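Trainee: Contents of target.cif (mmCIF, C-alpha atoms and all ligand atoms):
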```cif
data_run
loop_
_atom_site.label_atom_id
_atom_site.label_comp_id
_atom_site.auth_asym_id
_atom_site.auth_seq_id
_atom_site.Cartn_x
_atom_site.Cartn_y
_atom_site.Cartn_z
CA MET A 1 74.09 140.68 245.73
CA GLN A 2 73.55 140.94 249.48
CA ARG A 3 76.78 139.50 250.86
CA PHE A 4 76.91 141.60 254.03
CA THR A 5 73.46 141.21 255.57
CA ASN A 6 73.80 141.12 259.38
CA LYS A 7 77.44 142.17 259.17
CA THR A 8 79.13 145.29 260.50
CA ALA A 9 81.88 146.93 258.46
CA LEU A 10 84.26 149.72 259.40
CA VAL A 11 85.94 151.86 256.73
CA THR A 12 88.67 154.29 257.78
CA GLY A 13 89.26 157.41 255.68
CA GLY A 14 85.81 156.67 254.31
CA ALA A 15 84.28 160.12 253.68
CA GLY A 16 85.92 160.49 250.27
CA GLY A 17 87.61 158.66 247.42
CA ILE A 18 88.12 154.90 247.53
CA GLY A 19 86.91 154.65 251.14
CA ALA A 20 83.58 156.32 250.36
CA ALA A 21 83.04 154.18 247.26
CA THR A 22 83.72 151.04 249.31
CA ALA A 23 81.46 152.16 252.17
CA ARG A 24 78.66 152.71 249.62
CA ARG A 25 79.22 149.28 248.12
CA LEU A 26 79.18 147.51 251.49
CA ALA A 27 76.07 149.45 252.54
CA ALA A 28 74.34 148.58 249.26
CA GLU A 29 75.06 144.92 249.93
CA GLY A 30 73.38 145.02 253.33
CA ALA A 31 76.19 145.83 255.77
CA ARG A 32 75.82 148.07 258.79
CA VAL A 33 78.60 150.54 257.99
CA ALA A 34 80.73 152.77 260.21
CA VAL A 35 82.96 155.40 258.62
CA PHE A 36 85.83 157.19 260.35
CA ASP A 37 87.32 160.26 258.70
CA LEU A 38 88.44 163.81 259.40
CA HIS A 39 85.05 164.81 257.97
CA GLU A 40 81.49 163.62 258.49
CA ALA A 41 80.52 161.06 255.84
CA ALA A 42 77.10 161.54 254.26
CA LYS A 43 74.85 158.50 254.59
CA PRO A 44 74.46 156.95 251.12
CA GLU A 45 70.94 156.53 249.72
CA VAL A 46 71.62 152.85 249.16
CA THR A 47 72.08 152.18 252.89
CA GLN A 48 69.91 149.24 253.95
CA ALA A 49 71.05 148.70 257.53
CA GLY A 50 72.80 150.85 260.16
CA TRP A 51 75.12 153.78 259.40
CA LEU A 52 77.46 155.61 261.73
CA SER A 53 79.92 158.37 260.86
CA ARG A 54 82.54 159.65 263.29
CA ALA A 55 84.79 162.63 262.48
CA PHE A 56 88.24 162.72 264.09
CA ASP A 57 91.91 162.59 263.14
CA GLY A 58 92.62 158.94 262.37
CA THR A 59 96.13 159.19 263.79
CA ASP A 60 94.67 159.77 267.29
CA GLY A 61 94.78 156.32 268.92
CA GLU A 62 92.55 157.25 271.88
CA ALA A 63 89.88 158.71 269.62
CA LEU A 64 90.07 155.56 267.50
CA ALA A 65 89.57 153.25 270.48
CA ALA A 66 86.59 155.32 271.69
CA ALA A 67 85.02 155.36 268.22
CA VAL A 68 85.44 151.59 267.81
CA ALA A 69 83.72 151.07 271.17
CA GLN A 70 80.83 153.26 269.96
CA VAL A 71 80.53 151.28 266.70
CA GLU A 72 80.46 147.97 268.54
CA ALA A 73 77.84 149.28 270.99
CA GLU A 74 75.60 150.72 268.26
CA LEU A 75 76.15 148.45 265.24
CA GLY A 76 77.54 145.27 266.79
CA PRO A 77 80.96 143.59 266.63
CA ILE A 78 83.04 144.50 263.59
CA ASP A 79 83.09 141.73 260.97
CA VAL A 80 84.87 143.69 258.22
CA LEU A 81 87.69 146.16 258.74
CA PHE A 82 88.89 148.15 255.72
CA ASN A 83 92.03 150.03 256.75
CA ASN A 84 91.86 152.52 253.93
CA LEU A 85 93.18 155.62 255.70
CA GLY A 86 96.43 156.86 254.21
CA GLN A 87 98.06 159.45 252.03
CA SER A 88 101.33 160.07 250.30
CA GLY A 89 102.06 163.49 251.81
CA ARG A 90 102.73 164.46 248.20
CA GLU A 91 102.69 168.22 248.95
CA ARG A 92 105.86 167.70 251.02
CA SER A 93 107.39 164.87 248.96
CA ALA A 94 111.03 165.12 247.92
CA LEU A 95 113.87 163.09 246.58
CA PHE A 96 115.06 160.94 249.46
CA CYS A 97 118.40 162.74 249.62
CA ASP A 98 116.54 166.02 250.23
CA SER A 99 113.80 164.59 252.47
CA ASP A 100 112.90 165.35 256.09
CA GLU A 101 112.50 162.79 258.85
CA GLU A 102 109.44 164.68 260.11
CA VAL A 103 107.67 163.92 256.81
CA TRP A 104 108.67 160.23 256.95
CA ARG A 105 107.19 160.07 260.43
CA PHE A 106 103.90 161.60 259.27
CA VAL A 107 103.65 159.31 256.24
CA THR A 108 104.50 156.22 258.29
CA GLU A 109 102.02 157.21 260.98
CA VAL A 110 99.07 157.95 258.69
CA ASN A 111 99.54 154.81 256.56
CA LEU A 112 101.23 152.02 258.53
CA MET A 113 100.72 152.89 262.21
CA THR A 114 97.01 153.65 261.79
CA THR A 115 96.57 150.28 260.08
CA MET A 116 98.41 148.39 262.81
CA ARG A 117 96.60 150.28 265.57
CA ALA A 118 93.14 149.55 264.15
CA CYS A 119 94.06 145.87 263.81
CA ARG A 120 95.39 145.78 267.37
CA ILE A 121 92.05 147.09 268.66
CA ILE A 122 89.71 145.10 266.41
CA ALA A 123 91.49 141.82 265.49
CA PRO A 124 91.35 140.25 269.01
CA GLY A 125 87.53 140.36 268.90
CA MET A 126 87.47 138.78 265.43
CA LYS A 127 89.85 136.07 266.65
CA ALA A 128 87.67 135.35 269.68
CA ARG A 129 84.49 135.16 267.53
CA GLY A 130 86.22 132.91 264.95
CA ARG A 131 85.39 135.10 261.97
CA GLY A 132 86.44 138.34 260.32
CA ARG A 133 87.82 140.06 257.27
CA ILE A 134 90.59 142.65 257.25
CA VAL A 135 91.61 144.47 254.07
CA ASN A 136 94.59 146.81 254.29
CA MET A 137 95.22 149.60 251.80
CA SER A 138 98.68 149.42 250.25
CA SER A 139 99.56 150.95 246.88
CA ASP A 140 101.16 150.27 243.54
CA ALA A 141 103.79 152.73 244.82
CA ALA A 142 104.94 149.95 247.19
CA LEU A 143 105.62 147.71 244.19
CA SER A 144 107.15 150.31 241.89
CA GLY A 145 108.91 152.45 244.49
CA ASP A 146 107.65 155.74 243.02
CA LEU A 147 110.27 158.46 242.68
CA ARG A 148 110.03 161.19 245.39
CA LEU A 149 107.75 158.94 247.48
CA SER A 150 110.30 156.75 249.27
CA ASP A 151 108.56 157.20 252.64
CA TYR A 152 105.16 156.34 251.14
CA ALA A 153 106.60 153.32 249.29
CA ALA A 154 108.22 152.13 252.54
CA ALA A 155 105.04 152.59 254.59
CA LYS A 156 102.86 150.87 251.98
CA MET A 157 105.33 147.97 251.64
CA GLY A 158 105.35 147.81 255.44
CA ILE A 159 101.60 147.22 255.21
CA VAL A 160 102.26 144.27 252.89
CA GLY A 161 104.66 142.65 255.39
CA PHE A 162 102.33 143.38 258.29
CA THR A 163 99.41 141.87 256.34
CA ARG A 164 101.33 138.65 255.73
CA ALA A 165 102.35 138.26 259.37
CA LEU A 166 98.88 139.01 260.73
CA ALA A 167 97.31 136.69 258.14
CA GLN A 168 99.39 133.78 259.47
CA GLU A 169 98.39 134.59 263.04
CA LEU A 170 94.67 134.87 262.32
CA ALA A 171 94.08 132.23 259.61
CA PRO A 172 93.49 129.41 262.13
CA HIS A 173 90.77 131.59 263.69
CA GLY A 174 88.68 132.16 260.56
CA VAL A 175 89.98 135.67 259.96
CA THR A 176 91.55 136.65 256.64
CA VAL A 177 93.91 139.58 256.13
CA ASN A 178 94.78 140.87 252.66
CA ALA A 179 96.34 143.95 251.11
CA VAL A 180 95.19 145.80 248.00
CA CYS A 181 97.56 147.82 245.81
CA PRO A 182 95.70 150.24 243.56
CA GLY A 183 97.46 151.97 240.71
CA ALA A 184 96.03 155.18 239.29
CA ILE A 185 92.51 155.72 240.67
CA ALA A 186 90.52 158.93 240.09
CA THR A 187 89.93 160.54 243.51
CA GLU A 188 90.40 163.93 245.17
CA ALA A 189 93.95 162.91 246.08
CA HIS A 190 94.53 162.17 242.44
CA ASN A 191 93.18 165.54 241.33
CA ARG A 192 96.07 167.16 243.19
CA ILE A 193 98.69 165.29 241.13
CA PRO A 194 100.26 167.36 238.29
CA ARG A 195 98.93 166.59 234.79
CA GLU A 196 102.33 165.49 233.46
CA THR A 197 102.73 162.97 236.33
CA LEU A 198 99.26 161.53 235.54
CA ASP A 199 100.11 161.33 231.83
CA ALA A 200 103.31 159.44 232.65
CA LEU A 201 101.33 157.07 234.91
CA VAL A 202 98.81 156.30 232.17
CA ALA A 203 101.65 155.78 229.66
CA ALA A 204 103.21 153.23 232.05
CA THR A 205 99.88 151.40 232.49
CA PRO A 206 99.22 148.73 229.84
CA ALA A 207 95.43 149.14 230.21
CA GLY A 208 95.96 152.82 229.35
CA PHE A 209 93.45 154.46 231.68
CA ILE A 210 92.85 155.67 235.23
CA ALA A 211 90.27 153.57 237.05
CA GLN A 212 87.35 154.63 239.26
CA ALA A 213 87.18 154.31 243.05
CA GLU A 214 84.18 151.97 242.71
CA GLU A 215 86.40 149.41 240.98
CA VAL A 216 88.61 149.18 244.07
CA GLY A 217 85.43 149.06 246.20
CA GLY A 218 84.33 145.99 244.25
CA LEU A 219 87.64 144.22 244.92
CA VAL A 220 87.55 145.10 248.63
CA ALA A 221 83.95 143.87 248.89
CA TYR A 222 84.96 140.55 247.34
CA LEU A 223 87.89 140.10 249.74
CA ALA A 224 85.55 141.04 252.61
CA SER A 225 82.92 138.49 251.58
CA ASP A 226 82.45 134.88 252.69
CA GLU A 227 83.38 133.78 249.14
CA ALA A 228 86.99 134.84 249.74
CA ARG A 229 87.56 132.63 252.81
CA PHE A 230 90.57 130.83 251.24
CA ILE A 231 92.39 134.02 250.26
CA THR A 232 94.64 135.38 252.97
CA GLY A 233 97.99 137.11 253.30
CA GLN A 234 97.78 138.17 249.66
CA THR A 235 98.76 141.38 247.96
CA ILE A 236 96.26 142.09 245.20
CA ALA A 237 97.24 144.71 242.65
CA ILE A 238 94.47 146.60 240.84
CA ASN A 239 96.56 148.67 238.49
CA GLY A 240 95.79 148.00 234.82
CA GLY A 241 98.94 145.84 234.62
CA ARG A 242 101.43 148.55 235.63
CA ASN A 243 103.18 146.14 237.99
CA MET A 244 102.60 142.39 237.85
CA LEU A 245 103.17 140.19 240.92
N1 LIG B 301 93.87 157.32 244.50
C1 LIG B 301 94.85 156.53 244.16
O1 LIG B 301 95.30 156.53 243.01
C2 LIG B 301 95.47 155.60 245.17
C3 LIG B 301 96.38 154.65 244.69
C4 LIG B 301 96.96 153.78 245.60
C5 LIG B 301 96.64 153.82 246.95
N2 LIG B 301 95.76 154.77 247.38
C6 LIG B 301 95.45 154.75 248.81
O2 LIG B 301 94.05 154.67 248.97
C7 LIG B 301 93.66 155.31 250.19
C8 LIG B 301 92.58 156.31 249.91
O3 LIG B 301 93.06 157.24 248.96
P1 LIG B 301 92.09 158.18 248.11
O4 LIG B 301 92.78 158.42 246.81
O5 LIG B 301 90.71 157.64 248.13
O6 LIG B 301 92.21 159.53 248.97
P2 LIG B 301 91.21 160.76 249.15
O7 LIG B 301 92.07 161.92 249.48
O8 LIG B 301 90.28 160.89 247.97
O9 LIG B 301 90.36 160.34 250.43
C9 LIG B 301 91.02 160.10 251.62
C10 LIG B 301 90.07 160.29 252.77
O10 LIG B 301 90.86 160.15 253.96
C11 LIG B 301 90.54 161.21 254.84
N3 LIG B 301 91.68 161.51 255.69
C12 LIG B 301 92.88 162.03 255.31
N4 LIG B 301 93.67 162.18 256.38
C13 LIG B 301 92.95 161.76 257.46
C14 LIG B 301 93.22 161.67 258.85
N5 LIG B 301 94.38 162.05 259.37
N6 LIG B 301 92.25 161.16 259.66
C15 LIG B 301 91.07 160.78 259.16
N7 LIG B 301 90.76 160.85 257.86
C16 LIG B 301 91.69 161.33 257.01
C17 LIG B 301 90.16 162.37 253.94
O11 LIG B 301 89.34 163.31 254.64
C18 LIG B 301 89.43 161.66 252.80
O12 LIG B 301 88.04 161.55 253.04
C19 LIG B 301 94.94 155.89 250.78
O13 LIG B 301 95.47 155.00 251.73
C20 LIG B 301 95.86 155.99 249.57
O14 LIG B 301 97.22 155.96 249.96
C21 LIG B 301 95.17 155.65 246.53
#
```
For this file, produce the structure as structure tokens.
Ligand SMILES: NC(=O)c1ccc[n+]([C@@H]2O[C@H](COP(=O)([O-])OP(=O)(O)OC[C@H]3O[C@@H](n4cnc5c(N)ncnc54)[C@H](O)[C@@H]3O)[C@@H](O)[C@H]2O)c1
Mentor:
Amino acid sequence: MQRFTNKTALVTGGAGGIGAATARRLAAEGARVAVFDLHEAAKPEVTQAGWLSRAFDGTDGEALAAAVAQVEAELGPIDVLFNNLGQSGRERSALFCDSDEEVWRFVTEVNLMTTMRACRIIAPGMKARGRGRIVNMSSDAALSGDLRLSDYAAAKMGIVGFTRALAQELAPHGVTVNAVCPGAIATEAHNRIPRETLDALVAATPAGFIAQAEEVGGLVAYLASDEARFITGQTIAINGGRNML
């Protein structure tokens, strides 16, 4: 399939994990792809059109605005925005009653604020051009309210509410906005989770396995394609049935 020929896609947090798998998929389907991450992202072999990687801290709003301007100058206006950047801050996670506001602020910033900021910069252009696709990364943790991750659950559920509001605003302008909620996906972030936590996750997942990043990439590519023009404001779980909407 070549669903993204002549389209420009931006993936945040795209040097590793789900972001990298999605960037590869979009590139393989003909998109010009820009990747923002703390680290340089290697150009995939499957790339058919343009590729641009910019390394900076995604929570830096000025760096983001400058990088978006560079993408639009070099690859053209952004047609697909995948707001994938985020993390649980698991190393500093705690029961809410023992938690620190500083950690909440970090988790909210890296998940919700980065998503809103990228949309604020990029969505007006999509609206003016009358076309665009935005996919925001939420999490199954938003639906289940994972223990010790109250800040992450709040930020990821915030993304769901934000997605719904922005979807209403942009639907009349040909722009869709959806959220994806992955369950257990094998990535670097996942490798840092203790074995017993992963075993409990699998036990709570009817499908009984941990999925691959490419499977989320396939869902994001579908939502980003022209085929998905009637899907907007939705929260799509990809979680082996762990939570059902
Ligand atoms: N893996 C899962 O099971 C899972 C489940 C649900 C949701 N998610 C969400 O999916 C997204 C991607 O997760 P992943 O598992 O692929 O993570 P990952 O750790 O494998 O990759 C995340 C990428 O983001 C980059 N990154 C981290 N902080 C950054 C910053 N401040 N600025 C720029 N780049 C930064 C990292 O360098 C890395 O390349 C996150 O939003 C995460 O919350 C993951």
Trainee: What lies within 6 Å of range 149-162 of chain A using only C-alpha atoms, ignoring chain neighbours under 5 positions off, as number ranges by chain?
Mentor: A: 88, 104, 108, 112, 138, 141-142
Trainee: Counting all atoms listed in the file, which residue out of A:Ile121, A:Ala171, A:Ala21, A:Ala67 sits closest to ligand LIG 301 (chain B)?
Mentor: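 Among the listed residues, A:Ala21 lies closest to ligand LIG 301 (chain B).
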Trainee: How far is it from CA of Leu219 in chain A to CA of Ala203 in chain A, in Å with one decimal?
Mentor: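 Atom-to-atom, CA of Leu219 in chain A to CA of Ala203 in chain A, that is 23.7 Å.
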Trainee: Produce a table with one row for each residue of chain A that has an atom at most 8 Å from any atom of ligand LIG 301 (chain B), each row naming the nearest atom pair and its distance in Å at one decimal; use only C-alpha atoms and all ligand atoms; arrange rows by chain and rising residue number; format as a Markdown table.
Mentor:
```
| residue | atom | partner | partner_atom | distance |
| --- | --- | --- | --- | --- |
| A:Thr12 | CA | B:LIG301 | N7 | 6.9 |
| A:Gly13 | CA | B:LIG301 | O10 | 3.6 |
| A:Gly14 | CA | B:LIG301 | O12 | 5.5 |
| A:Ala15 | CA | B:LIG301 | O12 | 4.1 |
| A:Gly16 | CA | B:LIG301 | O12 | 3.6 |
| A:Gly17 | CA | B:LIG301 | O5 | 3.3 |
| A:Ile18 | CA | B:LIG301 | O5 | 3.8 |
| A:Gly19 | CA | B:LIG301 | O5 | 5.7 |
| A:Ala20 | CA | B:LIG301 | O12 | 7.4 |
| A:Phe36 | CA | B:LIG301 | C15 | 6.5 |
| A:Asp37 | CA | B:LIG301 | N7 | 3.6 |
| A:Leu38 | CA | B:LIG301 | C15 | 4.0 |
| A:His39 | CA | B:LIG301 | O11 | 5.6 |
| A:Ala55 | CA | B:LIG301 | C15 | 7.3 |
| A:Phe56 | CA | B:LIG301 | C15 | 6.0 |
| A:Asp57 | CA | B:LIG301 | N6 | 3.8 |
| A:Gly58 | CA | B:LIG301 | N6 | 3.5 |
| A:Thr59 | CA | B:LIG301 | N5 | 5.5 |
| A:Asn83 | CA | B:LIG301 | O13 | 7.9 |
| A:Asn84 | CA | B:LIG301 | O13 | 4.9 |
| A:Leu85 | CA | B:LIG301 | O13 | 4.6 |
| A:Gly86 | CA | B:LIG301 | O13 | 3.2 |
| A:Gln87 | CA | B:LIG301 | O14 | 4.1 |
| A:Ser88 | CA | B:LIG301 | O14 | 5.8 |
| A:Val110 | CA | B:LIG301 | N5 | 6.3 |
| A:Asn111 | CA | B:LIG301 | O13 | 6.3 |
| A:Met137 | CA | B:LIG301 | O13 | 5.4 |
| A:Ser138 | CA | B:LIG301 | C5 | 5.9 |
| A:Ser139 | CA | B:LIG301 | C4 | 4.1 |
| A:Asp140 | CA | B:LIG301 | C4 | 5.8 |
| A:Ala141 | CA | B:LIG301 | C4 | 7.0 |
| A:Lys156 | CA | B:LIG301 | O14 | 7.9 |
| A:Cys181 | CA | B:LIG301 | C4 | 6.0 |
| A:Pro182 | CA | B:LIG301 | C4 | 4.3 |
| A:Gly183 | CA | B:LIG301 | C3 | 4.9 |
| A:Ala184 | CA | B:LIG301 | O1 | 4.0 |
| A:Ile185 | CA | B:LIG301 | O1 | 3.7 |
| A:Ala186 | CA | B:LIG301 | N1 | 5.8 |
| A:Thr187 | CA | B:LIG301 | O8 | 4.5 |
| A:Glu188 | CA | B:LIG301 | O8 | 4.1 |
| A:Ala189 | CA | B:LIG301 | O7 | 4.0 |
| A:His190 | CA | B:LIG301 | N1 | 5.3 |
| A:Ala213 | CA | B:LIG301 | O5 | 7.0 |
```
Trainee: Got time to write the residues from that selection, C-alpha atoms, as a CSV table (one decimal), in the frame of the given file?
Mentor:
```
chain,number,residue,atom,x,y,z
A,12,THR,CA,88.7,154.3,257.8
A,13,GLY,CA,89.3,157.4,255.7
A,14,GLY,CA,85.8,156.7,254.3
A,15,ALA,CA,84.3,160.1,253.7
A,16,GLY,CA,85.9,160.5,250.3
A,17,GLY,CA,87.6,158.7,247.4
A,18,ILE,CA,88.1,154.9,247.5
A,19,GLY,CA,86.9,154.6,251.1
A,20,ALA,CA,83.6,156.3,250.4
A,36,PHE,CA,85.8,157.2,260.4
A,37,ASP,CA,87.3,160.3,258.7
A,38,LEU,CA,88.4,163.8,259.4
A,39,HIS,CA,85.0,164.8,258.0
A,55,ALA,CA,84.8,162.6,262.5
A,56,PHE,CA,88.2,162.7,264.1
A,57,ASP,CA,91.9,162.6,263.1
A,58,GLY,CA,92.6,158.9,262.4
A,59,THR,CA,96.1,159.2,263.8
A,83,ASN,CA,92.0,150.0,256.8
A,84,ASN,CA,91.9,152.5,253.9
A,85,LEU,CA,93.2,155.6,255.7
A,86,GLY,CA,96.4,156.9,254.2
A,87,GLN,CA,98.1,159.4,252.0
A,88,SER,CA,101.3,160.1,250.3
A,110,VAL,CA,99.1,158.0,258.7
A,111,ASN,CA,99.5,154.8,256.6
A,137,MET,CA,95.2,149.6,251.8
A,138,SER,CA,98.7,149.4,250.2
A,139,SER,CA,99.6,151.0,246.9
A,140,ASP,CA,101.2,150.3,243.5
A,141,ALA,CA,103.8,152.7,244.8
A,156,LYS,CA,102.9,150.9,252.0
A,181,CYS,CA,97.6,147.8,245.8
A,182,PRO,CA,95.7,150.2,243.6
A,183,GLY,CA,97.5,152.0,240.7
A,184,ALA,CA,96.0,155.2,239.3
A,185,ILE,CA,92.5,155.7,240.7
A,186,ALA,CA,90.5,158.9,240.1
A,187,THR,CA,89.9,160.5,243.5
A,188,GLU,CA,90.4,163.9,245.2
A,189,ALA,CA,94.0,162.9,246.1
A,190,HIS,CA,94.5,162.2,242.4
A,213,ALA,CA,87.2,154.3,243.0
```
Trainee: Skipping near chain neighbours, those fewer than 6 positions away, what residues fall within 10 Å of Ala23 in chain A using only C-alpha atoms, listed as a list in words?
Mentor: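 Once the nearby chain positions are removed, what remains is Ala9, Leu10, Val11, Thr12, Gly14, Ala15, Gly16, Glu29, Ala31, Arg32, Val33, Ala34, Val35, Ala41, Lys43, Pro44, Thr47, Trp51, Phe82, Glu214, Gly217, Val220 and Ala221 of chain A.
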Trainee: Given the choices A:Ala63, A:Ala118, A:Leu26, A:Gly89, which gets closest to Arg105 in chain A if the distance is worked out from only C-alpha atoms?
Mentor: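 Of the candidates, the smallest distance to Arg105 in chain A is held by A:Gly89.
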Trainee: Have a look at A:Val175, A:Ala94, A:Ala165, A:Ala73 and name the one nearest to Pro124 in chain A; count all atoms listed in the file.
Mentor: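 Closest to Pro124 in chain A, using all atoms listed in the file: A:Val175.
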Trainee: Please, what distance in Å, to one decimal, runs between CA of Leu170 in chain A and CA of Ala28 in chain A?
Mentor: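 Going from CA of Leu170 in chain A over to CA of Ala28 in chain A, I get 27.8 Å.
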Trainee: Taking into account all atoms listed in the file, which residue in the set A:Leu52, A:Ile231, A:Ala207, A:Ile193 is nearest to Leu75 in chain A?
Mentor: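 The closest residue to Leu75 in chain A is A:Leu52.
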Trainee: List as a list in words the protein and nucleic acid residues near Gly240 in chain A, meaning an atom at most 9 Å away when all atoms listed in the file are counted, but skip any in the same chain fewer than 3 places from it.
Mentor: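 Using all atoms listed in the file, the neighbours found are Gly183, Ala184, Thr205, Pro206, Ala207, Gly208, Phe209, Ile210, Ala211, Ala237 and Asn243 of chain A.
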Trainee: Hey, which of A:Gly241, A:Pro172, A:Gly233, A:Gly125 ends up closest to Val68 in chain A? Count all atoms listed in the file.
Mentor: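 Closest to Val68 in chain A, using all atoms listed in the file: A:Gly125.
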Trainee: Could you tell me how far CA of Ser225 in chain A lies from CA of Arg242 in chain A, in Å and to one decimal?
Mentor: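 A separation of 26.4 Å between them.
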Trainee: I need the residue nearest Leu166 in chain A from this list: A:Arg54, A:Arg24, A:Arg120, A:Lys7. Use all atoms listed in the file for the distance.
Mentor: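 The shortest atom-to-atom distance to Leu166 in chain A comes from A:Arg120.
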Trainee: List the residues sitting within 10 Å of (86.8, 128.6, 264.9) in the file's frame, using all atoms listed in the file, as JSON, numbers by chain.
Mentor: {"A": [127, 128, 129, 130, 131, 171, 172, 173, 174, 175]}
Trainee: Hey, can I get the axis-aligned box for range 73-78 of chain A? All listed atoms, 8 Å padding on each side, centre and edge lengths in Å to one decimal, as AutoDock Vina command-line options.
Mentor:
```
--center_x 79.3 --center_y 147.2 --center_z 267.3 --size_x 23.4 --size_y 23.1 --size_z 23.4
```
Trainee: For range 38-59 of chain A, where the input has fewer atoms than it should, I would like N, CA and C atoms rebuilt and written as a PDB file, in the frame of the given file.
Mentor:
```
ATOM      1  N   LEU A  38      88.330 162.441 258.871  1.00  0.00           N
ATOM      2  CA  LEU A  38      88.440 163.810 259.400  1.00  0.00           C
ATOM      3  C   LEU A  38      87.103 164.521 259.288  1.00  0.00           C
ATOM      4  N   HIS A  39      86.325 164.137 258.258  1.00  0.00           N
ATOM      5  CA  HIS A  39      85.050 164.810 257.970  1.00  0.00           C
ATOM      6  C   HIS A  39      83.890 163.849 258.171  1.00  0.00           C
ATOM      7  N   GLU A  40      82.708 164.425 258.455  1.00  0.00           N
ATOM      8  CA  GLU A  40      81.490 163.620 258.490  1.00  0.00           C
ATOM      9  C   GLU A  40      81.272 162.979 257.120  1.00  0.00           C
ATOM     10  N   ALA A  41      80.830 161.729 257.104  1.00  0.00           N
ATOM     11  CA  ALA A  41      80.520 161.060 255.840  1.00  0.00           C
ATOM     12  C   ALA A  41      79.009 161.027 255.658  1.00  0.00           C
ATOM     13  N   ALA A  42      78.545 161.529 254.523  1.00  0.00           N
ATOM     14  CA  ALA A  42      77.100 161.540 254.260  1.00  0.00           C
ATOM     15  C   ALA A  42      76.593 160.107 254.103  1.00  0.00           C
ATOM     16  N   LYS A  43      75.437 159.844 254.698  1.00  0.00           N
ATOM     17  CA  LYS A  43      74.850 158.500 254.590  1.00  0.00           C
ATOM     18  C   LYS A  43      74.390 158.255 253.152  1.00  0.00           C
ATOM     19  N   PRO A  44      74.869 157.176 252.506  1.00  0.00           N
ATOM     20  CA  PRO A  44      74.460 156.950 251.120  1.00  0.00           C
ATOM     21  C   PRO A  44      72.989 156.538 251.033  1.00  0.00           C
ATOM     22  N   GLU A  45      72.362 156.888 249.908  1.00  0.00           N
ATOM     23  CA  GLU A  45      70.940 156.530 249.720  1.00  0.00           C
ATOM     24  C   GLU A  45      70.729 155.031 249.743  1.00  0.00           C
ATOM     25  N   VAL A  46      71.760 154.298 249.288  1.00  0.00           N
ATOM     26  CA  VAL A  46      71.620 152.850 249.160  1.00  0.00           C
ATOM     27  C   VAL A  46      71.681 152.115 250.499  1.00  0.00           C
ATOM     28  N   THR A  47      71.925 152.842 251.595  1.00  0.00           N
ATOM     29  CA  THR A  47      72.080 152.180 252.890  1.00  0.00           C
ATOM     30  C   THR A  47      70.839 151.371 253.253  1.00  0.00           C
ATOM     31  N   GLN A  48      71.048 150.100 253.614  1.00  0.00           N
ATOM     32  CA  GLN A  48      69.910 149.240 253.950  1.00  0.00           C
ATOM     33  C   GLN A  48      69.871 148.951 255.436  1.00  0.00           C
ATOM     34  N   ALA A  49      71.018 149.009 256.099  1.00  0.00           N
ATOM     35  CA  ALA A  49      71.050 148.700 257.530  1.00  0.00           C
ATOM     36  C   ALA A  49      71.617 149.924 258.254  1.00  0.00           C
ATOM     37  N   GLY A  50      72.344 149.714 259.358  1.00  0.00           N
ATOM     38  CA  GLY A  50      72.800 150.850 260.160  1.00  0.00           C
ATOM     39  C   GLY A  50      73.920 151.647 259.493  1.00  0.00           C
ATOM     40  N   TRP A  51      74.060 152.894 259.927  1.00  0.00           N
ATOM     41  CA  TRP A  51      75.120 153.780 259.400  1.00  0.00           C
ATOM     42  C   TRP A  51      75.605 154.662 260.539  1.00  0.00           C
ATOM     43  N   LEU A  52      76.911 154.753 260.689  1.00  0.00           N
ATOM     44  CA  LEU A  52      77.460 155.610 261.730  1.00  0.00           C
ATOM     45  C   LEU A  52      78.703 156.301 261.187  1.00  0.00           C
ATOM     46  N   SER A  53      78.748 157.622 261.327  1.00  0.00           N
ATOM     47  CA  SER A  53      79.920 158.370 260.860  1.00  0.00           C
ATOM     48  C   SER A  53      80.535 159.088 262.048  1.00  0.00           C
ATOM     49  N   ARG A  54      81.847 158.937 262.217  1.00  0.00           N
ATOM     50  CA  ARG A  54      82.540 159.650 263.290  1.00  0.00           C
ATOM     51  C   ARG A  54      83.680 160.456 262.681  1.00  0.00           C
ATOM     52  N   ALA A  55      83.747 161.752 263.030  1.00  0.00           N
ATOM     53  CA  ALA A  55      84.790 162.630 262.480  1.00  0.00           C
ATOM     54  C   ALA A  55      85.878 162.869 263.521  1.00  0.00           C
ATOM     55  N   PHE A  56      87.084 162.458 263.226  1.00  0.00           N
ATOM     56  CA  PHE A  56      88.240 162.720 264.090  1.00  0.00           C
ATOM     57  C   PHE A  56      89.505 162.426 263.276  1.00  0.00           C
ATOM     58  N   ASP A  57      90.638 162.863 263.803  1.00  0.00           N
ATOM     59  CA  ASP A  57      91.910 162.590 263.140  1.00  0.00           C
ATOM     60  C   ASP A  57      92.281 161.123 263.372  1.00  0.00           C
ATOM     61  N   GLY A  58      92.382 160.377 262.283  1.00  0.00           N
ATOM     62  CA  GLY A  58      92.620 158.940 262.370  1.00  0.00           C
ATOM     63  C   GLY A  58      93.955 158.554 262.984  1.00  0.00           C
ATOM     64  N   THR A  59      94.851 159.508 263.163  1.00  0.00           N
ATOM     65  CA  THR A  59      96.130 159.190 263.790  1.00  0.00           C
ATOM     66  C   THR A  59      96.039 159.267 265.327  1.00  0.00           C
TER      67      THR A  59
END
```
